[in-house]
file start.cif (mmCIF, C-alpha atoms)
data_protein
loop_
_atom_site.label_atom_id
_atom_site.label_comp_id
_atom_site.auth_asym_id
_atom_site.auth_seq_id
_atom_site.Cartn_x
_atom_site.Cartn_y
_atom_site.Cartn_z
CA MET M 1 12.57 13.38 -39.50
CA PRO M 2 11.24 16.18 -41.71
CA GLU M 3 11.50 19.46 -39.86
CA ASN M 4 7.78 20.32 -40.09
CA ASN M 5 6.67 17.04 -38.62
CA LEU M 6 6.88 17.78 -34.91
CA GLN M 7 3.20 18.60 -34.64
CA ASN M 8 2.31 15.23 -36.15
CA ALA M 9 4.73 13.58 -33.80
CA ILE M 10 3.12 15.38 -30.85
CA ALA M 11 -0.26 14.04 -31.94
CA ARG M 12 1.16 10.51 -32.00
CA LEU M 13 2.78 11.03 -28.58
CA GLU M 14 -0.50 12.31 -27.17
CA LYS M 15 -2.24 9.22 -28.47
CA ARG M 16 0.39 6.98 -26.87
CA SER M 17 0.17 8.86 -23.57
CA ASN M 18 -3.64 8.53 -23.53
CA SER M 19 -3.39 4.85 -24.30
CA LEU M 20 -0.92 4.25 -21.43
CA HIS M 21 -3.04 6.39 -19.12
CA ASN M 22 -6.13 4.29 -19.88
CA LYS M 23 -4.17 1.06 -19.50
CA ILE M 24 -2.95 2.05 -16.02
CA LEU M 25 -6.45 3.01 -14.95
CA LYS M 26 -7.64 -0.52 -15.70
CA ASN M 27 -5.67 -1.53 -12.61
CA PRO M 28 -8.09 -1.21 -9.64
CA SER M 29 -5.48 0.16 -7.19
CA ALA M 30 -4.23 2.68 -9.73
CA LYS M 31 -7.75 3.73 -10.65
CA LYS M 32 -8.53 4.40 -7.00
CA PHE M 33 -5.21 6.11 -6.39
CA PHE M 34 -5.16 8.34 -9.47
CA ALA M 35 -8.68 9.52 -8.78
CA LYS M 36 -7.02 11.64 -6.07
CA THR M 37 -3.90 12.72 -7.92
CA THR M 38 -2.56 13.16 -11.46
CA LEU M 39 -0.65 10.82 -13.68
CA LEU M 40 1.58 13.54 -15.06
CA ALA M 41 5.33 13.31 -14.68
CA TYR M 42 5.51 17.11 -14.61
CA ASP M 43 3.37 17.26 -11.44
CA LEU M 44 5.43 14.56 -9.80
CA ARG M 45 8.70 16.28 -10.64
CA GLN M 46 7.34 19.50 -9.20
CA LYS M 47 6.47 17.71 -6.01
CA SER M 48 9.85 16.00 -5.94
CA SER M 49 11.46 19.38 -6.35
CA ARG M 50 9.52 20.91 -3.46
CA LEU M 51 10.26 18.00 -1.14
CA LEU M 52 13.94 17.95 -1.92
CA ALA M 53 14.25 21.68 -1.57
CA GLY M 54 12.54 21.41 1.80
CA ALA M 55 14.89 18.71 2.93
CA GLY M 56 17.97 20.44 1.57
CA LEU M 57 18.73 17.39 -0.51
CA VAL M 58 18.67 18.83 -3.99
CA GLY M 59 22.44 19.01 -4.30
CA SER M 60 23.11 15.46 -3.20
CA LEU M 61 20.45 13.97 -5.42
CA LEU M 62 21.49 16.03 -8.39
CA ALA M 63 24.84 14.28 -8.19
CA MET M 64 22.97 11.16 -9.27
CA PRO M 65 22.30 10.51 -12.99
CA MET M 66 19.54 12.91 -13.94
CA PRO M 67 16.80 12.89 -16.51
CA GLN M 68 17.20 15.07 -19.58
CA THR M 69 13.89 16.82 -19.36
CA LEU M 70 12.50 20.25 -18.81
CA SER M 71 13.97 22.29 -16.03
CA ILE M 72 11.44 22.78 -13.25
CA PRO M 73 11.96 25.69 -10.87
CA THR M 74 11.97 24.76 -7.20
CA GLU M 75 9.25 26.30 -5.09
CA ILE M 76 8.96 27.43 -1.51
CA SER M 77 10.35 24.73 0.69
CA GLU M 78 8.31 22.55 3.01
CA PRO M 79 9.51 21.42 6.43
CA VAL M 80 11.93 18.50 6.41
CA LYS M 81 9.46 16.34 8.27
CA SER M 82 7.10 16.49 5.29
CA ILE M 83 9.25 14.04 3.34
CA LEU M 84 8.31 11.33 5.81
CA SER M 85 5.16 9.47 4.89
CA LYS M 86 2.42 9.16 7.48
CA GLN M 87 3.32 5.49 7.75
CA GLN M 88 6.94 6.34 8.57
CA LYS M 89 5.90 8.98 11.10
CA LEU M 90 3.50 6.61 12.81
CA LEU M 91 6.04 3.83 12.78
CA GLY M 92 8.78 5.94 14.34
CA ASN M 93 6.51 7.07 17.14
CA LEU M 94 4.87 3.70 17.75
CA GLN M 95 8.15 1.89 18.01
CA GLU M 96 9.09 4.18 20.90
CA ILE M 97 5.94 3.30 22.85
CA ILE M 98 4.92 -0.26 22.05
CA PRO M 99 6.31 -2.90 24.41
CA HIS M 100 8.14 -5.64 22.51
CA GLN M 101 6.39 -8.43 24.36
CA PRO M 102 2.79 -9.56 24.82
CA SER M 103 1.14 -7.02 27.08
CA LYS M 104 -1.89 -4.97 27.97
CA LEU M 105 -1.31 -1.25 27.42
CA SER M 106 -1.48 1.14 30.33
CA ASP M 107 -4.07 3.93 30.06
CA ASP M 108 -1.30 6.39 29.28
CA GLN M 109 0.23 4.18 26.56
CA ALA M 110 -3.20 3.46 25.10
CA ALA M 111 -4.12 7.15 24.91
CA LYS M 112 -0.88 8.04 23.10
CA ILE M 113 -1.21 5.16 20.66
CA GLU M 114 -4.88 5.82 19.95
CA THR M 115 -4.09 9.44 19.10
CA LEU M 116 -1.10 8.56 16.93
CA ILE M 117 -3.04 6.00 14.93
CA SER M 118 -6.17 8.10 14.54
CA GLU M 119 -4.15 11.13 13.42
CA ASN M 120 -2.04 9.23 10.90
CA THR M 121 -4.51 6.72 9.48
CA GLY M 122 -7.82 8.51 10.04
CA ILE M 123 -9.15 5.39 11.75
CA PRO M 124 -10.50 5.93 15.28
CA VAL M 125 -9.21 3.14 17.51
CA LYS M 126 -9.66 2.25 21.17
CA ALA M 127 -7.90 -0.11 23.54
CA THR M 128 -11.10 -0.13 25.61
CA LEU M 129 -14.45 0.16 23.86
CA GLN M 130 -17.82 0.19 25.61
CA GLY M 131 -16.09 -1.09 28.73
CA GLN M 132 -14.54 -4.04 26.91
CA SER M 133 -10.82 -4.65 26.67
CA LEU M 134 -8.80 -7.66 25.56
CA ASN M 135 -6.26 -9.23 27.90
CA HIS M 136 -3.54 -8.23 25.42
CA HIS M 137 -3.26 -5.24 23.09
CA VAL M 138 0.20 -6.27 21.99
CA GLY M 139 0.78 -9.94 21.28
CA TYR M 140 2.00 -12.59 18.92
CA ILE M 141 -0.26 -13.31 15.98
CA GLY M 142 -0.20 -16.67 14.21
CA PHE M 143 -1.16 -17.80 10.71
CA GLU M 144 -4.65 -19.33 10.65
CA GLN M 145 -6.47 -21.39 8.04
CA HIS M 146 -9.47 -20.28 6.03
CA LEU M 147 -12.86 -20.50 7.75
CA LYS M 148 -16.09 -21.81 6.30
CA ARG M 149 -18.30 -18.86 5.43
CA TYR M 150 -21.56 -20.74 4.92
CA PRO M 151 -22.71 -24.37 5.02
CA GLY M 152 -21.17 -26.23 2.09
CA ASP M 153 -18.34 -23.72 1.57
CA THR M 154 -15.21 -25.35 0.13
CA LEU M 155 -11.58 -24.35 -0.08
CA SER M 156 -11.75 -24.02 -3.85
CA GLU M 157 -14.33 -21.26 -3.41
CA HIS M 158 -11.71 -19.13 -1.58
CA ASP M 159 -9.87 -17.02 -4.11
CA GLU M 160 -6.49 -16.62 -2.48
CA ILE M 161 -3.85 -18.61 -0.58
CA GLN M 162 -5.70 -21.92 -0.84
CA GLU M 163 -2.55 -23.71 0.30
CA ALA M 164 -3.38 -22.49 3.84
CA GLY M 165 -6.20 -25.05 3.95
CA MET M 166 -9.57 -24.83 5.63
CA ALA M 167 -10.16 -25.17 9.38
CA PRO M 168 -12.08 -28.41 9.98
CA GLY M 169 -14.50 -26.81 12.45
CA LEU M 170 -16.37 -23.54 12.47
CA GLY M 171 -15.13 -20.29 13.98
CA ALA M 172 -16.34 -19.52 17.52
CA PHE M 173 -19.07 -17.31 16.07
CA GLY M 174 -20.29 -19.86 13.55
CA TYR M 175 -20.67 -19.30 9.84
CA PHE M 176 -20.30 -15.75 8.56
CA VAL M 177 -23.76 -16.09 6.95
CA LYS M 178 -26.40 -18.73 7.61
CA ASP M 179 -26.46 -20.11 4.05
CA SER M 180 -25.00 -19.57 0.61
CA GLN M 181 -28.03 -17.53 -0.48
CA ASP M 182 -27.04 -14.84 2.03
CA TYR M 183 -23.37 -14.84 1.02
CA SER M 184 -22.43 -11.23 0.36
CA THR M 185 -19.33 -9.13 -0.26
CA LYS M 186 -19.43 -8.24 3.42
CA ALA M 187 -19.13 -11.92 4.41
CA TYR M 188 -16.46 -12.46 1.76
CA LEU M 189 -14.36 -9.64 3.24
CA GLN M 190 -15.02 -10.67 6.83
CA GLU M 191 -13.48 -14.08 6.19
CA LYS M 192 -10.74 -12.77 3.93
CA TYR M 193 -9.64 -10.35 6.63
CA TYR M 194 -10.59 -12.15 9.82
CA CYS M 195 -8.67 -12.18 13.04
CA VAL M 196 -8.71 -14.29 16.16
CA VAL M 197 -8.63 -12.92 19.69
CA GLN M 198 -8.63 -14.69 23.05
CA THR M 199 -12.16 -13.93 24.16
CA LEU M 200 -12.18 -17.30 25.87
CA TYR M 201 -9.71 -16.03 28.47
CA LEU M 202 -11.67 -12.89 29.34
CA GLU M 203 -12.40 -12.88 33.07
CA ASN M 204 -16.17 -12.73 32.61
CA TRP M 205 -16.43 -14.79 29.42
CA ASN M 206 -18.16 -17.75 31.03
CA SER M 207 -20.57 -15.69 33.14
CA ASP M 208 -21.44 -13.05 30.50
CA TYR M 209 -21.05 -15.23 27.44
CA ARG M 210 -24.19 -14.10 25.61
CA GLN M 211 -23.54 -10.36 25.86
CA LEU M 212 -19.82 -10.74 25.19
CA LYS M 213 -20.42 -12.94 22.16
CA ASP M 214 -22.70 -10.28 20.69
CA PHE M 215 -20.05 -7.64 21.33
CA TYR M 216 -17.05 -9.54 19.92
CA ALA M 217 -18.56 -11.48 17.00
CA PHE M 218 -17.21 -10.04 13.72
CA ARG M 219 -16.23 -6.79 15.47
CA LYS M 220 -13.76 -4.67 13.54
CA MET M 221 -10.20 -4.54 14.85
CA LEU M 222 -7.13 -2.70 13.61
CA ILE M 223 -3.94 -4.71 13.50
CA VAL M 224 -0.62 -2.91 13.08
CA ASN M 225 2.72 -4.59 12.52
CA PRO M 226 5.03 -2.20 14.42
CA VAL M 227 8.07 -3.44 12.51
CA ASN M 228 6.94 -2.34 9.04
CA GLY M 229 3.89 -0.15 9.75
CA GLN M 230 1.50 -2.33 7.73
CA ALA M 231 -2.01 -1.89 9.12
CA ILE M 232 -5.20 -3.76 8.35
CA VAL M 233 -8.80 -3.65 9.51
CA CYS M 234 -10.10 -7.13 10.32
CA ALA M 235 -13.25 -8.74 11.65
CA ILE M 236 -13.08 -11.06 14.66
CA GLY M 237 -13.96 -14.45 13.19
CA ASP M 238 -12.84 -16.87 15.86
CA ALA M 239 -11.71 -17.19 19.49
CA GLY M 240 -8.19 -18.31 20.38
CA PRO M 241 -5.44 -19.24 20.17
CA ALA M 242 -4.87 -21.49 23.20
CA ASP M 243 -2.45 -20.11 25.75
CA TRP M 244 -0.02 -22.98 25.32
CA THR M 245 0.74 -21.88 21.75
CA GLY M 246 2.51 -18.79 23.07
CA LYS M 247 0.38 -16.66 20.73
CA GLN M 248 -2.36 -14.23 21.66
CA PHE M 249 -3.95 -13.56 18.27
CA GLY M 250 -4.56 -15.20 14.92
CA GLY M 251 -4.91 -13.83 11.41
CA SER M 252 -6.44 -15.14 8.19
CA PRO M 253 -3.96 -16.08 5.44
CA GLU M 254 -4.61 -12.79 3.62
CA THR M 255 -4.25 -10.76 6.82
CA MET M 256 -0.93 -12.40 7.62
CA GLN M 257 0.26 -11.88 4.06
CA TYR M 258 -0.52 -8.18 4.20
CA LEU M 259 1.23 -7.81 7.56
CA ASP M 260 4.22 -9.57 5.95
CA LEU M 261 4.06 -12.27 8.62
CA ASN M 262 3.29 -15.17 6.27
CA LYS M 263 6.84 -16.44 5.92
CA GLY M 264 9.23 -18.38 8.17
CA PRO M 265 7.62 -18.96 11.58
CA ARG M 266 4.45 -17.21 10.29
CA LYS M 267 4.02 -15.26 13.50
CA GLY M 268 5.00 -11.87 14.82
CA LEU M 269 4.28 -9.23 17.43
CA VAL M 270 1.40 -6.91 16.53
CA LEU M 271 -0.78 -4.23 18.01
CA MET M 272 -4.51 -5.10 18.18
CA LEU M 273 -7.10 -2.40 18.93
CA PHE M 274 -10.85 -1.98 18.52
CA VAL M 275 -12.01 0.15 15.59
CA ASP M 276 -14.52 2.65 16.94
CA ASP M 277 -16.91 2.61 14.00
CA PRO M 278 -20.51 2.89 15.23
CA GLU M 279 -21.73 3.98 11.79
CA ASN M 280 -19.91 1.17 10.00
CA LYS M 281 -17.94 3.51 7.74
CA ILE M 282 -14.47 1.97 7.98
CA PRO M 283 -13.88 -0.69 5.31
CA LEU M 284 -12.26 -4.03 6.06
CA GLY M 285 -8.86 -4.69 4.57
CA PRO M 286 -5.44 -3.06 4.20
CA VAL M 287 -5.07 0.55 5.34
CA ASN M 288 -3.32 2.85 2.87
CA TYR M 289 -1.88 5.85 4.62
CA MET A 1 15.67 19.23 -12.59
CA ALA A 2 13.72 17.28 -10.05
CA PRO A 3 14.46 13.58 -10.23
CA LEU A 4 12.13 10.61 -10.15
CA PHE A 5 13.28 7.33 -8.66
CA PHE A 6 13.71 5.55 -12.02
CA ASP A 7 15.42 8.32 -14.00
CA HIS A 8 18.84 6.70 -13.83
CA LEU A 9 17.46 3.66 -15.69
CA ILE A 10 16.40 5.58 -18.80
CA ILE A 11 18.61 6.66 -21.65
CA LYS A 12 16.91 9.51 -23.47
CA THR A 13 19.95 10.90 -25.28
CA GLU A 14 18.72 9.90 -28.74
CA ILE A 15 15.28 11.42 -28.12
CA ILE A 16 16.71 14.70 -26.83
CA GLU A 17 19.14 14.99 -29.74
CA LEU A 18 16.38 14.31 -32.23
CA ILE A 19 14.12 16.97 -30.78
CA ASN A 20 16.93 19.51 -30.37
CA GLN A 21 17.79 19.18 -34.06
CA LYS A 22 14.31 20.35 -34.97
CA GLN A 23 13.92 23.84 -36.35
CA GLU A 24 10.61 24.36 -34.58
CA ALA A 25 9.31 26.63 -31.87
CA GLU A 26 10.76 25.97 -28.43
CA ASN A 27 7.31 25.64 -26.93
CA GLN A 28 6.56 22.79 -29.36
CA LYS A 29 9.79 21.08 -28.39
CA GLY A 30 8.93 21.61 -24.73
CA LYS A 31 5.50 20.12 -25.25
CA ALA A 32 7.00 17.07 -26.96
CA LEU A 33 9.52 16.61 -24.13
CA GLN A 34 6.83 16.89 -21.52
CA LEU A 35 4.67 14.31 -23.28
CA ILE A 36 7.67 12.00 -23.53
CA ASP A 37 8.28 12.41 -19.80
CA ASP A 38 4.64 11.48 -19.12
CA ILE A 39 4.81 8.47 -21.44
CA LEU A 40 7.92 7.15 -19.72
CA TYR A 41 6.41 7.70 -16.25
CA GLN A 42 3.10 6.05 -17.18
CA GLY A 43 4.83 3.22 -19.04
CA ILE A 44 7.21 2.43 -16.21
CA VAL A 45 4.61 2.67 -13.46
CA GLY A 46 2.31 0.46 -15.56
CA HIS A 47 5.12 -2.04 -16.09
CA ILE A 48 5.92 -2.13 -12.37
CA LEU A 49 2.26 -2.67 -11.48
CA GLU A 50 2.18 -5.64 -13.86
CA LYS A 51 5.18 -7.18 -12.09
CA LEU A 52 4.24 -6.30 -8.51
CA ASN A 53 1.87 -8.43 -6.46
CA PRO A 54 -1.47 -6.55 -6.31
CA GLN A 55 -1.31 -6.49 -2.50
CA HIS A 56 1.65 -4.08 -2.81
CA HIS A 57 0.10 -1.77 -5.43
CA GLY A 58 -1.43 0.65 -2.92
CA THR A 59 1.77 0.95 -0.89
CA PHE A 60 3.91 1.38 -3.99
CA LEU A 61 1.72 4.10 -5.53
CA THR A 62 1.49 5.93 -2.21
CA GLN A 63 5.25 5.87 -1.79
CA VAL A 64 5.82 7.13 -5.33
CA HIS A 65 3.44 9.96 -4.58
CA GLU A 66 4.96 10.74 -1.18
CA ARG A 67 8.64 10.44 -2.16
CA PRO A 68 8.96 10.40 -5.96
CA TYR A 69 12.73 10.87 -5.85
CA ASP A 70 13.51 8.24 -3.22
CA PRO A 71 16.05 5.53 -4.23
CA GLU A 72 14.46 3.41 -1.47
CA LEU A 73 11.62 2.79 -3.91
CA ILE A 74 14.00 0.69 -5.98
CA ALA A 75 14.96 -1.20 -2.81
CA TYR A 76 11.25 -1.78 -2.14
CA LEU A 77 10.80 -3.14 -5.67
CA LYS A 78 13.86 -5.37 -5.35
CA GLU A 79 12.36 -6.83 -2.21
CA ASN A 80 8.90 -7.34 -3.68
CA ILE A 81 9.59 -8.09 -7.35
CA GLY A 82 13.14 -9.39 -7.42
CA PRO A 83 16.81 -8.39 -7.31
CA ASP A 84 16.90 -7.83 -11.09
CA VAL A 85 14.14 -5.25 -11.10
CA GLU A 86 16.47 -2.44 -12.22
CA GLU A 87 17.48 -4.42 -15.30
CA ASP A 88 13.85 -5.23 -15.90
CA ILE A 89 12.84 -1.54 -15.72
CA ARG A 90 15.78 -0.63 -17.93
CA LYS A 91 14.58 -3.06 -20.61
CA ALA A 92 11.00 -1.79 -20.35
CA ALA A 93 12.26 1.80 -20.61
CA ASN A 94 14.35 0.96 -23.70
CA LYS A 95 11.27 -0.52 -25.31
CA ILE A 96 9.27 2.64 -24.57
CA VAL A 97 12.12 4.83 -25.85
CA LYS A 98 12.09 2.89 -29.16
CA GLN A 99 8.33 3.42 -29.46
CA ILE A 100 8.79 7.14 -28.79
CA LEU A 101 11.53 7.34 -31.45
CA LYS A 102 9.12 5.69 -33.86
CA ASP A 103 6.45 8.27 -32.97
CA LEU A 104 8.97 11.03 -33.59
CA SER A 105 10.06 9.67 -36.97
#
call {"tool": "encode", "arguments": {"input": "start.cif", "output": "structure tokens"}}
result
Amino acid sequence: MPENNLQNAIARLEKRSNSLHNKILKNPSAKKFFAKTTLLAYDLRQKSSRLLAGAGLVGSLLAMPMPQTLSIPTEISEPVKSILSKQQKLLGNLQEIIPHQPSKLSDDQAAKIETLISENTGIPVKATLQGQSLNHHVGYIGFEQHLKRYPGDTLSEHDEIQEAGMAPGLGAFGYFVKDSQDYSTKAYLQEKYYCVVQTLYLENWNSDYRQLKDFYAFRKMLIVNPVNGQAIVCAIGDAGPADWTGKQFGGSPETMQYLDLNKGPRKGLVLMLFVDDPENKIPLGPVNY
Amino acid sequence: MAPLFFDHLIIKTEIIELINQKQEAENQKGKALQLIDDILYQGIVGHILEKLNPQHHGTFLTQVHERPYDPELIAYLKENIGPDVEEDIRKAANKIVKQILKDLS
């Protein structure tokens, strides 16, 4: 390489970096994510340096093969606990509290869990909302089929996990919209991330059916898998499952996939709480925290 | 030097030697090295996103941001992409290194 060519080379490197940067931002998740942070290795190395210094781990990690790049000075250390992600912190605390069997939380357990989840995910949750509470807050969730969103909806119209099939009947609350003309992104997401809860076993279900149906239909719930910390906001799309199944909840194919409960027996113990969202600000779908 | 989780999969010796041989200002060399670091980071993250199921993109990016040094990220990728992910990243990195060498020539 001619000695005076480094500036030209830098121009070519800048062009390549910009091209890669733009390519990454075509990915929807990356576009959303990098709107909040930078895509510069330098920034990430600085952060890595701060975290490791805080945890006292610099020495041990420096024993690993290292990159041959610029030396970045370490900065003032952060507390060790900062290296844990919010998901890890929530998980560690939840696992201490959540019973590992189907159960209704005590008021004390519910209060602790509500605080932990709200603080770590930013999503306000309640075990009891407007006087309503499910018979179980912790229970086994099973893999459900797709639901018809409007009259004439077919399996091929569902974009993911078509192998799950379509339930032959409607959900307990009927179609998500009355006809295909009204089909919206909201209805698309409600079915994609729907859950099933046992409203049919509520003590006053038969006597107060009308009011309870209005309360529970498509209501937002937060489901947390306490084994891996995956959390997802779902809409109640159906009532069930029957007691004899040994399960207390159901999840759409996409919900179960996100919770990582779509393999093997396709069931697992989860936490199910109401999302307290009177202004409808919390989006349906996976929670990144 | 603060590590990133994929650093051990990249061989940059040839790049470093090439830049060090240059009789140019240190700040220019530093700028080139920094750009190369960015290119490798962006290229590898882009490559991983192409291989990883979109449902895991958010979690992966968050974990990179939260714990950029963590070897557990490789374990996460092995679980969600496949056991040969390190070899796969290594190959992608080699390809990027060759492109960088071409840019430097």
call {"tool": "resolve_selection", "arguments": {"input": "start.cif", "expression": "the PyMOL selection byres ((chain A) within 6 of (chain M))", "output": "list in words"}}
result
Met1, Ala2, Asp7, His8, Lys22, Ala32, Asp37, Asp38, Ile39, Tyr41, Gly46, Gly58, Pro68, Tyr69, Asp103, Leu104 and Ser105 of chain A
call {"tool": "resolve_selection", "arguments": {"input": "start.cif", "expression": "the PyMOL selection byres ((chain M and resi 284) around 6)", "output": "PDB file with C-alpha atoms, in the coordinates of the input"}}
result
ATOM      1  CA  VAL M 233      -8.800  -3.650   9.510  1.00  0.00           C
ATOM      2  CA  CYS M 234     -10.100  -7.130  10.320  1.00  0.00           C
ATOM      3  CA  PRO M 283     -13.880  -0.690   5.310  1.00  0.00           C
ATOM      4  CA  GLY M 285      -8.860  -4.690   4.570  1.00  0.00           C
TER       5      GLY M 285
END
call {"tool": "resolve_selection", "arguments": {"input": "start.cif", "expression": "the PyMOL selection byres ((chain A and resi 15) around 9)", "output": "PyMOL selection string"}}
result
chain A and resi 11-14+16-20+33+36+97+100-101+104
call {"tool": "closest_residue", "arguments": {"input": "start.cif", "among": "A:Gln23, A:Phe6, A:Glu79, A:Leu35", "to": "A:Asn53", "atoms": "all atoms listed in the file"}}
result
A:Glu79
call {"tool": "closest_residue", "arguments": {"input": "start.cif", "among": "A:Ile74, A:Asn80, A:Lys98, A:Lys91", "to": "A:His57", "atoms": "all atoms listed in the file"}}
result
A:Asn80
call {"tool": "atom_distance", "arguments": {"input": "start.cif", "atom1": "atom CA of M:Ala235", "atom2": "atom CA of A:Leu61"}}
result
26.2 Å
call {"tool": "atom_distance", "arguments": {"input": "start.cif", "atom1": "atom CA of M:Leu94", "atom2": "atom CA of M:Ala231"}}
result
12.4 Å
call {"tool": "residues_around", "arguments": {"input": "start.cif", "residues": "stretch 170-176 of chain M", "least_positions_apart": "6", "cutoff": "9 Å", "atoms": "all atoms listed in the file", "output": "ChimeraX atom specification"}}
result
/M:147-151,183,187-188,190-191,213,216-218,236-240
call {"tool": "atom_distance", "arguments": {"input": "start.cif", "atom1": "atom CA of M:Asn262", "atom2": "atom CA of A:Pro71"}}
result
26.5 Å
call {"tool": "closest_residue", "arguments": {"input": "start.cif", "among": "M:Gln88, M:Val197, M:Pro102, M:Phe274", "to": "A:Arg67", "atoms": "all atoms listed in the file"}}
result
M:Gln88
call {"tool": "closest_residue", "arguments": {"input": "start.cif", "among": "A:Leu49, A:Ile44, A:Ala25, A:Leu77", "to": "A:Ile96", "atoms": "only C-alpha atoms"}}
result
A:Ile44
call {"tool": "residues_around", "arguments": {"input": "start.cif", "residues": "stretch 140-142 of chain M", "least_positions_apart": "5", "cutoff": "7 Å", "atoms": "all atoms listed in the file", "output": "list in words"}}
result
Pro102, Lys247, Gln248, Phe249, Gly250, Gly251, Arg266, Lys267, Gly268, Leu269 and Val270 of chain M
